[in-house]
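What follows is the content of final.pdb (PDB, C-alpha atoms).
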MODEL        1
ATOM      1  CA  MET B  15     180.875 244.676 166.911
ATOM      2  CA  VAL B  16     179.746 241.122 167.718
ATOM      3  CA  ASP B  17     177.252 242.430 170.277
ATOM      4  CA  LEU B  18     175.768 244.759 167.671
ATOM      5  CA  ALA B  19     175.431 241.908 165.167
ATOM      6  CA  PHE B  20     173.624 239.736 167.701
ATOM      7  CA  LEU B  21     171.340 242.616 168.658
ATOM      8  CA  LEU B  22     170.416 243.195 165.010
ATOM      9  CA  ILE B  23     169.846 239.487 164.388
ATOM     10  CA  THR B  24     167.648 239.280 167.488
ATOM     11  CA  PHE B  25     165.724 242.402 166.482
ATOM     12  CA  PHE B  26     164.996 241.146 162.963
ATOM     13  CA  MET B  27     164.028 237.668 164.199
ATOM     14  CA  LEU B  28     161.505 239.106 166.640
ATOM     15  CA  THR B  29     159.984 241.647 164.246
ATOM     16  CA  THR B  30     159.688 239.389 161.199
ATOM     17  CA  SER B  31     156.306 237.858 160.523
ATOM     18  CA  LEU B  32     156.369 234.194 159.636
ATOM     19  CA  SER B  33     154.345 232.880 156.731
ATOM     20  CA  LYS B  34     151.079 231.338 157.744
ATOM     21  CA  PRO B  35     149.891 228.035 156.265
ATOM     22  CA  HIS B  36     147.141 228.346 153.690
ATOM     23  CA  SER B  37     144.081 226.165 153.860
ATOM     24  CA  MET B  38     141.332 225.324 151.430
ATOM     25  CA  ASP B  39     137.828 226.572 152.227
ATOM     26  CA  LEU B  40     135.239 223.811 152.158
ATOM     27  CA  GLY B  41     131.524 224.173 152.704
ATOM     28  CA  LEU B  42     130.338 221.353 154.922
ATOM     29  CA  PRO B  43     126.758 220.070 155.124
ATOM     30  CA  ASP B  44     124.493 220.779 158.065
ATOM     31  CA  LYS B  45     124.611 218.293 160.902
ATOM     32  CA  ASN B  46     120.826 218.005 161.140
ATOM     33  CA  PRO B  47     119.620 215.524 158.469
ATOM     34  CA  LYS B  48     115.982 216.622 158.969
ATOM     35  CA  ASP B  49     116.711 219.951 157.251
ATOM     36  CA  ILE B  50     117.878 218.312 154.021
ATOM     37  CA  ASP B  51     115.454 218.530 151.101
ATOM     38  CA  GLN B  52     115.885 215.394 148.986
ATOM     39  CA  ASN B  53     113.799 216.637 146.035
ATOM     40  CA  ILE B  54     116.022 219.367 144.611
ATOM     41  CA  LYS B  55     115.648 219.737 140.850
ATOM     42  CA  VAL B  56     118.865 220.639 139.032
ATOM     43  CA  ASP B  57     119.263 221.494 135.356
ATOM     44  CA  GLU B  58     121.119 218.566 133.739
ATOM     45  CA  ASN B  59     122.816 220.895 131.252
ATOM     46  CA  ARG B  60     124.622 222.584 134.154
ATOM     47  CA  THR B  61     125.723 219.411 135.955
ATOM     48  CA  MET B  62     129.025 217.591 135.434
ATOM     49  CA  THR B  63     129.931 214.483 137.407
ATOM     50  CA  ILE B  64     133.568 213.510 137.884
ATOM     51  CA  LEU B  65     134.355 209.962 138.991
ATOM     52  CA  LEU B  66     137.740 209.255 140.591
ATOM     53  CA  GLY B  67     139.015 205.683 140.359
ATOM     54  CA  LYS B  68     142.127 203.698 141.108
ATOM     55  CA  ASP B  69     145.407 204.273 139.247
ATOM     56  CA  ASP B  70     144.614 207.978 138.638
ATOM     57  CA  LYS B  71     141.530 207.159 136.562
ATOM     58  CA  LEU B  72     139.259 210.138 135.961
ATOM     59  CA  VAL B  73     135.911 209.876 134.145
ATOM     60  CA  ARG B  74     133.433 212.685 133.566
ATOM     61  CA  TYR B  75     129.912 212.816 132.204
ATOM     62  CA  VAL B  76     127.398 215.637 131.876
ATOM     63  CA  GLY B  77     123.774 215.239 132.939
ATOM     64  CA  LYS B  78     122.564 211.796 133.966
ATOM     65  CA  LEU B  79     124.639 208.720 133.221
ATOM     66  CA  GLU B  80     121.714 206.862 131.650
ATOM     67  CA  SER B  81     120.764 209.860 129.478
ATOM     68  CA  PRO B  82     123.693 212.304 129.146
ATOM     69  CA  VAL B  83     123.167 215.649 127.471
ATOM     70  CA  ALA B  84     124.633 216.318 124.025
ATOM     71  CA  GLY B  85     128.419 216.013 124.205
ATOM     72  CA  GLY B  86     128.263 214.734 127.758
ATOM     73  CA  THR B  87     128.828 211.015 127.255
ATOM     74  CA  PRO B  88     131.314 209.455 129.683
ATOM     75  CA  LYS B  89     134.904 210.205 128.758
ATOM     76  CA  ASP B  90     138.274 209.535 130.395
ATOM     77  CA  PHE B  91     140.529 212.486 131.197
ATOM     78  CA  THR B  92     143.929 213.104 132.713
ATOM     79  CA  TYR B  93     144.778 215.543 135.482
ATOM     80  CA  GLY B  94     146.355 218.877 134.589
ATOM     81  CA  LYS B  95     145.960 221.813 132.238
ATOM     82  CA  ASP B  96     145.558 219.765 129.056
ATOM     83  CA  GLY B  97     143.141 217.290 130.624
ATOM     84  CA  ILE B  98     140.300 217.958 133.020
ATOM     85  CA  ARG B  99     141.105 221.670 133.432
ATOM     86  CA  LYS B 100     140.605 222.299 129.728
ATOM     87  CA  GLU B 101     137.291 220.420 129.863
ATOM     88  CA  LEU B 102     136.149 222.334 132.961
ATOM     89  CA  LEU B 103     136.951 225.675 131.330
ATOM     90  CA  ARG B 104     135.122 224.672 128.139
ATOM     91  CA  LYS B 105     132.054 223.465 130.021
ATOM     92  CA  GLN B 106     132.050 226.493 132.312
ATOM     93  CA  LYS B 107     131.872 228.883 129.323
ATOM     94  CA  GLU B 108     129.144 226.734 127.784
ATOM     95  CA  VAL B 109     127.065 226.718 130.997
ATOM     96  CA  LEU B 110     127.402 230.468 131.531
ATOM     97  CA  ALA B 111     126.224 231.097 127.952
ATOM     98  CA  TYR B 112     123.371 228.589 128.445
ATOM     99  CA  SER B 113     122.286 230.279 131.693
ATOM    100  CA  ALA B 114     122.540 233.783 130.239
ATOM    101  CA  ALA B 115     120.337 232.736 127.298
ATOM    102  CA  ARG B 116     117.674 231.644 129.795
ATOM    103  CA  GLY B 117     117.822 234.906 131.766
ATOM    104  CA  LYS B 118     119.793 233.534 134.709
ATOM    105  CA  PRO B 119     123.371 234.716 134.109
ATOM    106  CA  LYS B 120     124.488 233.939 137.659
ATOM    107  CA  ASN B 121     123.709 230.213 137.401
ATOM    108  CA  GLY B 122     127.067 228.534 136.925
ATOM    109  CA  MET B 123     128.225 224.973 136.567
ATOM    110  CA  ILE B 124     127.537 222.336 139.207
ATOM    111  CA  VAL B 125     130.282 219.730 139.583
ATOM    112  CA  ILE B 126     129.715 216.514 141.525
ATOM    113  CA  ILE B 127     132.985 214.864 142.555
ATOM    114  CA  LYS B 128     132.704 211.179 143.415
ATOM    115  CA  PRO B 129     135.909 209.612 144.736
ATOM    116  CA  SER B 130     135.745 205.816 144.861
ATOM    117  CA  LYS B 131     137.111 203.740 147.712
ATOM    118  CA  LYS B 132     139.993 202.745 145.453
ATOM    119  CA  SER B 133     140.991 206.322 144.558
ATOM    120  CA  ASN B 134     143.739 207.996 146.538
ATOM    121  CA  TYR B 135     143.735 211.190 148.555
ATOM    122  CA  ARG B 136     146.082 212.961 146.152
ATOM    123  CA  ASN B 137     143.558 212.597 143.315
ATOM    124  CA  LEU B 138     140.866 214.264 145.423
ATOM    125  CA  ILE B 139     143.197 217.144 146.304
ATOM    126  CA  ASP B 140     144.209 217.470 142.629
ATOM    127  CA  ILE B 141     140.595 217.757 141.486
ATOM    128  CA  LEU B 142     139.816 220.263 144.268
ATOM    129  CA  ASP B 143     142.829 222.285 143.092
ATOM    130  CA  GLU B 144     141.410 222.215 139.562
ATOM    131  CA  MET B 145     138.095 223.543 140.925
ATOM    132  CA  ALA B 146     139.969 226.428 142.569
ATOM    133  CA  ILE B 147     142.084 227.159 139.484
ATOM    134  CA  VAL B 148     139.091 227.173 137.136
ATOM    135  CA  GLY B 149     136.976 229.142 139.617
ATOM    136  CA  VAL B 150     134.017 226.788 139.782
ATOM    137  CA  GLY B 151     133.305 227.921 143.342
ATOM    138  CA  ASN B 152     133.031 231.549 142.174
ATOM    139  CA  THR B 153     130.471 231.022 139.411
ATOM    140  CA  GLY B 154     128.942 227.696 140.386
ATOM    141  CA  ASN B 155     129.166 224.988 143.002
ATOM    142  CA  TYR B 156     130.886 221.688 143.554
ATOM    143  CA  ALA B 157     130.253 218.891 145.997
ATOM    144  CA  ILE B 158     132.003 215.719 147.111
ATOM    145  CA  ILE B 159     129.731 212.689 147.274
ATOM    146  CA  ASN B 160     130.757 209.139 148.133
ATOM    147  CA  GLU B 161     127.685 207.313 146.818
ATOM    148  CA  PHE B 162     128.065 205.356 143.579
ATOM    149  CA  THR B 163     125.391 203.764 141.453
ATOM    150  CA  PRO B 164     126.162 200.299 140.057
ATOM    151  CA  GLU B 165     126.419 201.818 136.564
ATOM    152  CA  GLU B 166     129.018 204.338 137.746
ATOM    153  CA  GLN B 167     130.991 201.579 139.434
ATOM    154  CA  LYS B 168     131.000 199.562 136.195
ATOM    155  CA  LEU B 169     132.089 202.645 134.277
ATOM    156  CA  LEU B 170     135.050 203.182 136.615
ATOM    157  CA  GLU B 171     136.062 199.534 136.407
ATOM    158  CA  GLY B 172     135.896 199.672 132.611
ATOM    159  CA  LYS B 173     133.170 197.042 132.264
ATOM    160  CA  LYS B 174     130.642 197.286 129.450
ATOM    161  CA  GLU B 175     127.030 196.329 130.061
TER     162      GLU B 175
ENDMDL
END

Translate this structure into structure tokens?
Amino acid sequence: MVDLAFLLITFFMLTTSLSKPHSMDLGLPDKNPKDIDQNIKVDENRTMTILLGKDDKLVRYVGKLESPVAGGTPKDFTYGKDGIRKELLRKQKEVLAYSAARGKPKNGMIVIIKPSKKSNYRNLIDILDEMAIVGVGNTGNYAIINEFTPEEQKLLEGKKE
């Protein structure tokens, strides 16, 4: 009886498939900097920038910082379903309606994620998770950029000009 039990245990151990780790798909830039076109024009109404700061600080603005679009002035948010996710869903619906009205229904939202040197890795993973949950990669695009303007740095530090 013991031999049969060990044979069954061995059989099930060898035939069972183990769960594989899941990874996040990221699109990486080309290695050749000569192929990069620096003069790409993007519709400001479709662009949202998310700044990640220290102590879980999260600031978003829509359009350009110096001239945000209507309703896109810089605003602090929290992580989670009642914070940035709710804002991403709202803006995504708005952008899809905006694009459809202009005859380009496939043009989705463009999110620029800018983690500061003082932000932590967990915050970056949390915001990438929010992008996956909301589906920004399916209808639009998102990118991680580590270049900050002085105005953005002041905004993250909470300084007024």

Subject >> Proximity to Arg60 (chain B) - best of B:Leu22, B:Ile141, B:Leu110, B:Ile158, all atoms listed in the file >> reply: B:Leu110

Original post:
the PyMOL selection byres ((chain B and resi 137) around 9) on the file shown: which residues, as a list in words?
Top reply: Leu66, Gly67, Asp70, Lys71, Leu72, Tyr93, Pro129, Ser133, Asn134, Tyr135, Arg136, Leu138, Ile139, Asp140, Ile141 and Leu142 of chain B

**OP:** For the structure provided, state which residues fall under the PyMOL selection byres ((chain B and resi 161) around 9), and present them as a PyMOL selection string.
**Re:** chain B and resi 128-130+159-160+162-163

Those residues with C-alpha atoms, as a PDB file, in the coordinates of the input please?
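Output below, filename result27.pdb:
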ATOM      1  CA  LYS B 128     132.704 211.179 143.415  1.00  0.00           C
ATOM      2  CA  PRO B 129     135.909 209.612 144.736  1.00  0.00           C
ATOM      3  CA  SER B 130     135.745 205.816 144.861  1.00  0.00           C
ATOM      4  CA  ILE B 159     129.731 212.689 147.274  1.00  0.00           C
ATOM      5  CA  ASN B 160     130.757 209.139 148.133  1.00  0.00           C
ATOM      6  CA  PHE B 162     128.065 205.356 143.579  1.00  0.00           C
ATOM      7  CA  THR B 163     125.391 203.764 141.453  1.00  0.00           C
TER       8      THR B 163
END

Subject >> Interatomic distance, CA of Leu21 (chain B) to CA of Pro35 (chain B) (Å, one decimal) >> reply: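 Straight-line distance from CA of Leu21 (chain B) to CA of Pro35 (chain B) works out to 28.7 Å.
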
**OP:** Taking the file above as input, evaluate the PyMOL selection byres ((chain B and resi 121) around 9) and report the hits as a PyMOL selection string.
**Re:** chain B and resi 60+109-110+113-114+118-120+122-124+153-154

Original post:
To one decimal place, how far is CA of Asp57 (chain B) from CA of Ala157 (chain B) in Å?
Top reply: 15.5 Å

Original post:
Counting only C-alpha atoms, which of B:Thr92, B:Ser81, B:Thr29, B:Ser37 gets nearest to Ile64 (chain B)?
Top reply: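 Closest to Ile64 (chain B) of all the choices is B:Thr92.
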
Original post:
Which protein, DNA or RNA residues are at most 10 Å from (142.8, 227.0, 137.6) in the file's coordinates when you count only C-alpha atoms, listed as number ranges by chain?
Top reply: B: 94-95, 99-100, 102-103, 142-150

**OP:** Choose the residue, out of B:Leu18, B:Val83, B:Met62, B:Val73, that has the smallest atom-to-atom separation from Gln167 (chain B); count all atoms listed in the file.
**Re:**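 The shortest atom-to-atom distance to Gln167 (chain B) comes from B:Val73.
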
Original post:
By how many Å are CA of Leu32 (chain B) and CA of Ala19 (chain B) apart?
Top reply: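 Here the two named atoms are 21.3 Å from each other.
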
Given the point (131.9, 205.2, 133.4) in the coordinates of this file, which residues lie within 8 Å, counting all atoms listed in the file, and how would they look as a JSON list (two decimals) with C-alpha atoms, keeping the file's coordinate frame?
[["chain", "number", "residue", "atom", "x", "y", "z"],
["B", 65, "LEU", "CA", 134.35, 209.96, 138.99],
["B", 73, "VAL", "CA", 135.91, 209.88, 134.15],
["B", 74, "ARG", "CA", 133.43, 212.68, 133.57],
["B", 75, "TYR", "CA", 129.91, 212.82, 132.20],
["B", 88, "PRO", "CA", 131.31, 209.46, 129.68],
["B", 89, "LYS", "CA", 134.90, 210.20, 128.76],
["B", 165, "GLU", "CA", 126.42, 201.82, 136.56],
["B", 166, "GLU", "CA", 129.02, 204.34, 137.75],
["B", 167, "GLN", "CA", 130.99, 201.58, 139.43],
["B", 168, "LYS", "CA", 131.00, 199.56, 136.20],
["B", 169, "LEU", "CA", 132.09, 202.64, 134.28],
["B", 170, "LEU", "CA", 135.05, 203.18, 136.62],
["B", 171, "GLU", "CA", 136.06, 199.53, 136.41],
["B", 172, "GLY", "CA", 135.90, 199.67, 132.61]]

Subject >> Residue among B:Lys68, B:Met27, B:Met15, B:Asn59 lying closest to Lys131 (chain B), counting only C-alpha atoms >> reply: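 With only C-alpha atoms as the atom set, the closest residue is B:Lys68.
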
Original post:
Between B:Lys105, B:Ile98, B:Tyr156, B:Gly117, which is the closest to Ala84 (chain B) once you count all atoms listed in the file?
Top reply: B:Lys105

Region 107-116 of chain B, all listed atoms, 8 Å padding on each side: what axis-aligned box centre and edge lengths in Å to one decimal come out, as JSON?
{"center_x": 124.8, "center_y": 230.3, "center_z": 129.5, "size_x": 30.2, "size_y": 23.1, "size_z": 20.4}

Place all heavy atoms on region 16-27 of chain B and deliver the coordinates as a PDB file, in the frame of the given file.
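Output below, filename selection_24.pdb:
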ATOM      1  N   VAL B  16     180.495 242.374 167.636  1.00  0.00           N
ATOM      2  CA  VAL B  16     179.746 241.122 167.718  1.00  0.00           C
ATOM      3  C   VAL B  16     178.445 241.331 168.467  1.00  0.00           C
ATOM      4  O   VAL B  16     177.406 240.790 168.086  1.00  0.00           O
ATOM      5  CB  VAL B  16     180.617 240.036 168.395  1.00  0.00           C
ATOM      6  CG1 VAL B  16     179.811 238.778 168.656  1.00  0.00           C
ATOM      7  CG2 VAL B  16     181.831 239.732 167.548  1.00  0.00           C
ATOM      8  N   ASP B  17     178.480 242.146 169.517  1.00  0.00           N
ATOM      9  CA  ASP B  17     177.252 242.430 170.277  1.00  0.00           C
ATOM     10  C   ASP B  17     176.221 243.133 169.393  1.00  0.00           C
ATOM     11  O   ASP B  17     175.023 242.817 169.450  1.00  0.00           O
ATOM     12  CB  ASP B  17     177.568 243.319 171.485  1.00  0.00           C
ATOM     13  CG  ASP B  17     178.332 242.575 172.557  1.00  0.00           C
ATOM     14  OD1 ASP B  17     178.275 241.335 172.542  1.00  0.00           O
ATOM     15  OD2 ASP B  17     178.971 243.232 173.392  1.00  0.00           O
ATOM     16  N   LEU B  18     176.667 244.047 168.568  1.00  0.00           N
ATOM     17  CA  LEU B  18     175.768 244.759 167.671  1.00  0.00           C
ATOM     18  C   LEU B  18     175.143 243.801 166.653  1.00  0.00           C
ATOM     19  O   LEU B  18     173.940 243.874 166.368  1.00  0.00           O
ATOM     20  CB  LEU B  18     176.520 245.887 166.953  1.00  0.00           C
ATOM     21  CG  LEU B  18     175.679 246.729 166.003  1.00  0.00           C
ATOM     22  CD1 LEU B  18     174.571 247.439 166.761  1.00  0.00           C
ATOM     23  CD2 LEU B  18     176.552 247.706 165.264  1.00  0.00           C
ATOM     24  N   ALA B  19     175.939 242.890 166.127  1.00  0.00           N
ATOM     25  CA  ALA B  19     175.431 241.908 165.167  1.00  0.00           C
ATOM     26  C   ALA B  19     174.362 241.039 165.807  1.00  0.00           C
ATOM     27  O   ALA B  19     173.303 240.787 165.204  1.00  0.00           O
ATOM     28  CB  ALA B  19     176.582 241.059 164.633  1.00  0.00           C
ATOM     29  N   PHE B  20     174.617 240.575 167.018  1.00  0.00           N
ATOM     30  CA  PHE B  20     173.624 239.736 167.701  1.00  0.00           C
ATOM     31  C   PHE B  20     172.368 240.521 168.050  1.00  0.00           C
ATOM     32  O   PHE B  20     171.252 239.995 167.988  1.00  0.00           O
ATOM     33  CB  PHE B  20     174.218 239.083 168.946  1.00  0.00           C
ATOM     34  CG  PHE B  20     175.043 237.862 168.629  1.00  0.00           C
ATOM     35  CD1 PHE B  20     176.404 237.857 168.892  1.00  0.00           C
ATOM     36  CD2 PHE B  20     174.461 236.753 168.061  1.00  0.00           C
ATOM     37  CE1 PHE B  20     177.163 236.744 168.598  1.00  0.00           C
ATOM     38  CE2 PHE B  20     175.208 235.632 167.764  1.00  0.00           C
ATOM     39  CZ  PHE B  20     176.574 235.631 168.029  1.00  0.00           C
ATOM     40  N   LEU B  21     172.507 241.787 168.391  1.00  0.00           N
ATOM     41  CA  LEU B  21     171.340 242.616 168.658  1.00  0.00           C
ATOM     42  C   LEU B  21     170.498 242.803 167.398  1.00  0.00           C
ATOM     43  O   LEU B  21     169.273 242.730 167.439  1.00  0.00           O
ATOM     44  CB  LEU B  21     171.775 243.983 169.212  1.00  0.00           C
ATOM     45  CG  LEU B  21     172.159 244.011 170.689  1.00  0.00           C
ATOM     46  CD1 LEU B  21     172.706 245.385 171.057  1.00  0.00           C
ATOM     47  CD2 LEU B  21     170.967 243.688 171.563  1.00  0.00           C
ATOM     48  N   LEU B  22     171.151 243.042 166.267  1.00  0.00           N
ATOM     49  CA  LEU B  22     170.416 243.195 165.010  1.00  0.00           C
ATOM     50  C   LEU B  22     169.732 241.901 164.591  1.00  0.00           C
ATOM     51  O   LEU B  22     168.585 241.904 164.135  1.00  0.00           O
ATOM     52  CB  LEU B  22     171.356 243.696 163.910  1.00  0.00           C
ATOM     53  CG  LEU B  22     171.799 245.154 164.014  1.00  0.00           C
ATOM     54  CD1 LEU B  22     172.852 245.466 162.959  1.00  0.00           C
ATOM     55  CD2 LEU B  22     170.609 246.069 163.864  1.00  0.00           C
ATOM     56  N   ILE B  23     170.449 240.792 164.729  1.00  0.00           N
ATOM     57  CA  ILE B  23     169.846 239.487 164.388  1.00  0.00           C
ATOM     58  C   ILE B  23     168.630 239.233 165.261  1.00  0.00           C
ATOM     59  O   ILE B  23     167.566 238.829 164.780  1.00  0.00           O
ATOM     60  CB  ILE B  23     170.887 238.361 164.527  1.00  0.00           C
ATOM     61  CG1 ILE B  23     171.926 238.480 163.410  1.00  0.00           C
ATOM     62  CG2 ILE B  23     170.212 236.990 164.485  1.00  0.00           C
ATOM     63  CD1 ILE B  23     173.092 237.527 163.573  1.00  0.00           C
ATOM     64  N   THR B  24     168.761 239.486 166.557  1.00  0.00           N
ATOM     65  CA  THR B  24     167.648 239.280 167.488  1.00  0.00           C
ATOM     66  C   THR B  24     166.481 240.206 167.138  1.00  0.00           C
ATOM     67  O   THR B  24     165.326 239.780 167.129  1.00  0.00           O
ATOM     68  CB  THR B  24     168.108 239.531 168.936  1.00  0.00           C
ATOM     69  OG1 THR B  24     169.229 238.712 169.216  1.00  0.00           O
ATOM     70  CG2 THR B  24     166.992 239.227 169.916  1.00  0.00           C
ATOM     71  N   PHE B  25     166.769 241.455 166.831  1.00  0.00           N
ATOM     72  CA  PHE B  25     165.724 242.402 166.482  1.00  0.00           C
ATOM     73  C   PHE B  25     164.949 241.948 165.244  1.00  0.00           C
ATOM     74  O   PHE B  25     163.719 241.931 165.237  1.00  0.00           O
ATOM     75  CB  PHE B  25     166.337 243.793 166.234  1.00  0.00           C
ATOM     76  CG  PHE B  25     165.359 244.794 165.698  1.00  0.00           C
ATOM     77  CD1 PHE B  25     164.405 245.367 166.530  1.00  0.00           C
ATOM     78  CD2 PHE B  25     165.366 245.138 164.356  1.00  0.00           C
ATOM     79  CE1 PHE B  25     163.497 246.281 166.029  1.00  0.00           C
ATOM     80  CE2 PHE B  25     164.459 246.037 163.848  1.00  0.00           C
ATOM     81  CZ  PHE B  25     163.516 246.610 164.681  1.00  0.00           C
ATOM     82  N   PHE B  26     165.667 241.558 164.185  1.00  0.00           N
ATOM     83  CA  PHE B  26     164.996 241.146 162.963  1.00  0.00           C
ATOM     84  C   PHE B  26     164.253 239.826 163.128  1.00  0.00           C
ATOM     85  O   PHE B  26     163.219 239.606 162.509  1.00  0.00           O
ATOM     86  CB  PHE B  26     165.982 241.085 161.795  1.00  0.00           C
ATOM     87  CG  PHE B  26     166.389 242.449 161.306  1.00  0.00           C
ATOM     88  CD1 PHE B  26     167.700 242.858 161.364  1.00  0.00           C
ATOM     89  CD2 PHE B  26     165.437 243.326 160.802  1.00  0.00           C
ATOM     90  CE1 PHE B  26     168.064 244.119 160.920  1.00  0.00           C
ATOM     91  CE2 PHE B  26     165.791 244.581 160.351  1.00  0.00           C
ATOM     92  CZ  PHE B  26     167.113 244.988 160.421  1.00  0.00           C
ATOM     93  N   MET B  27     164.740 238.935 163.952  1.00  0.00           N
ATOM     94  CA  MET B  27     164.028 237.668 164.199  1.00  0.00           C
ATOM     95  C   MET B  27     162.707 237.920 164.922  1.00  0.00           C
ATOM     96  O   MET B  27     161.707 237.269 164.641  1.00  0.00           O
ATOM     97  CB  MET B  27     164.904 236.715 165.022  1.00  0.00           C
ATOM     98  CG  MET B  27     166.002 236.055 164.217  1.00  0.00           C
ATOM     99  SD  MET B  27     167.072 234.994 165.196  1.00  0.00           S
ATOM    100  CE  MET B  27     165.931 233.918 165.983  1.00  0.00           C
TER     101      MET B  27
END
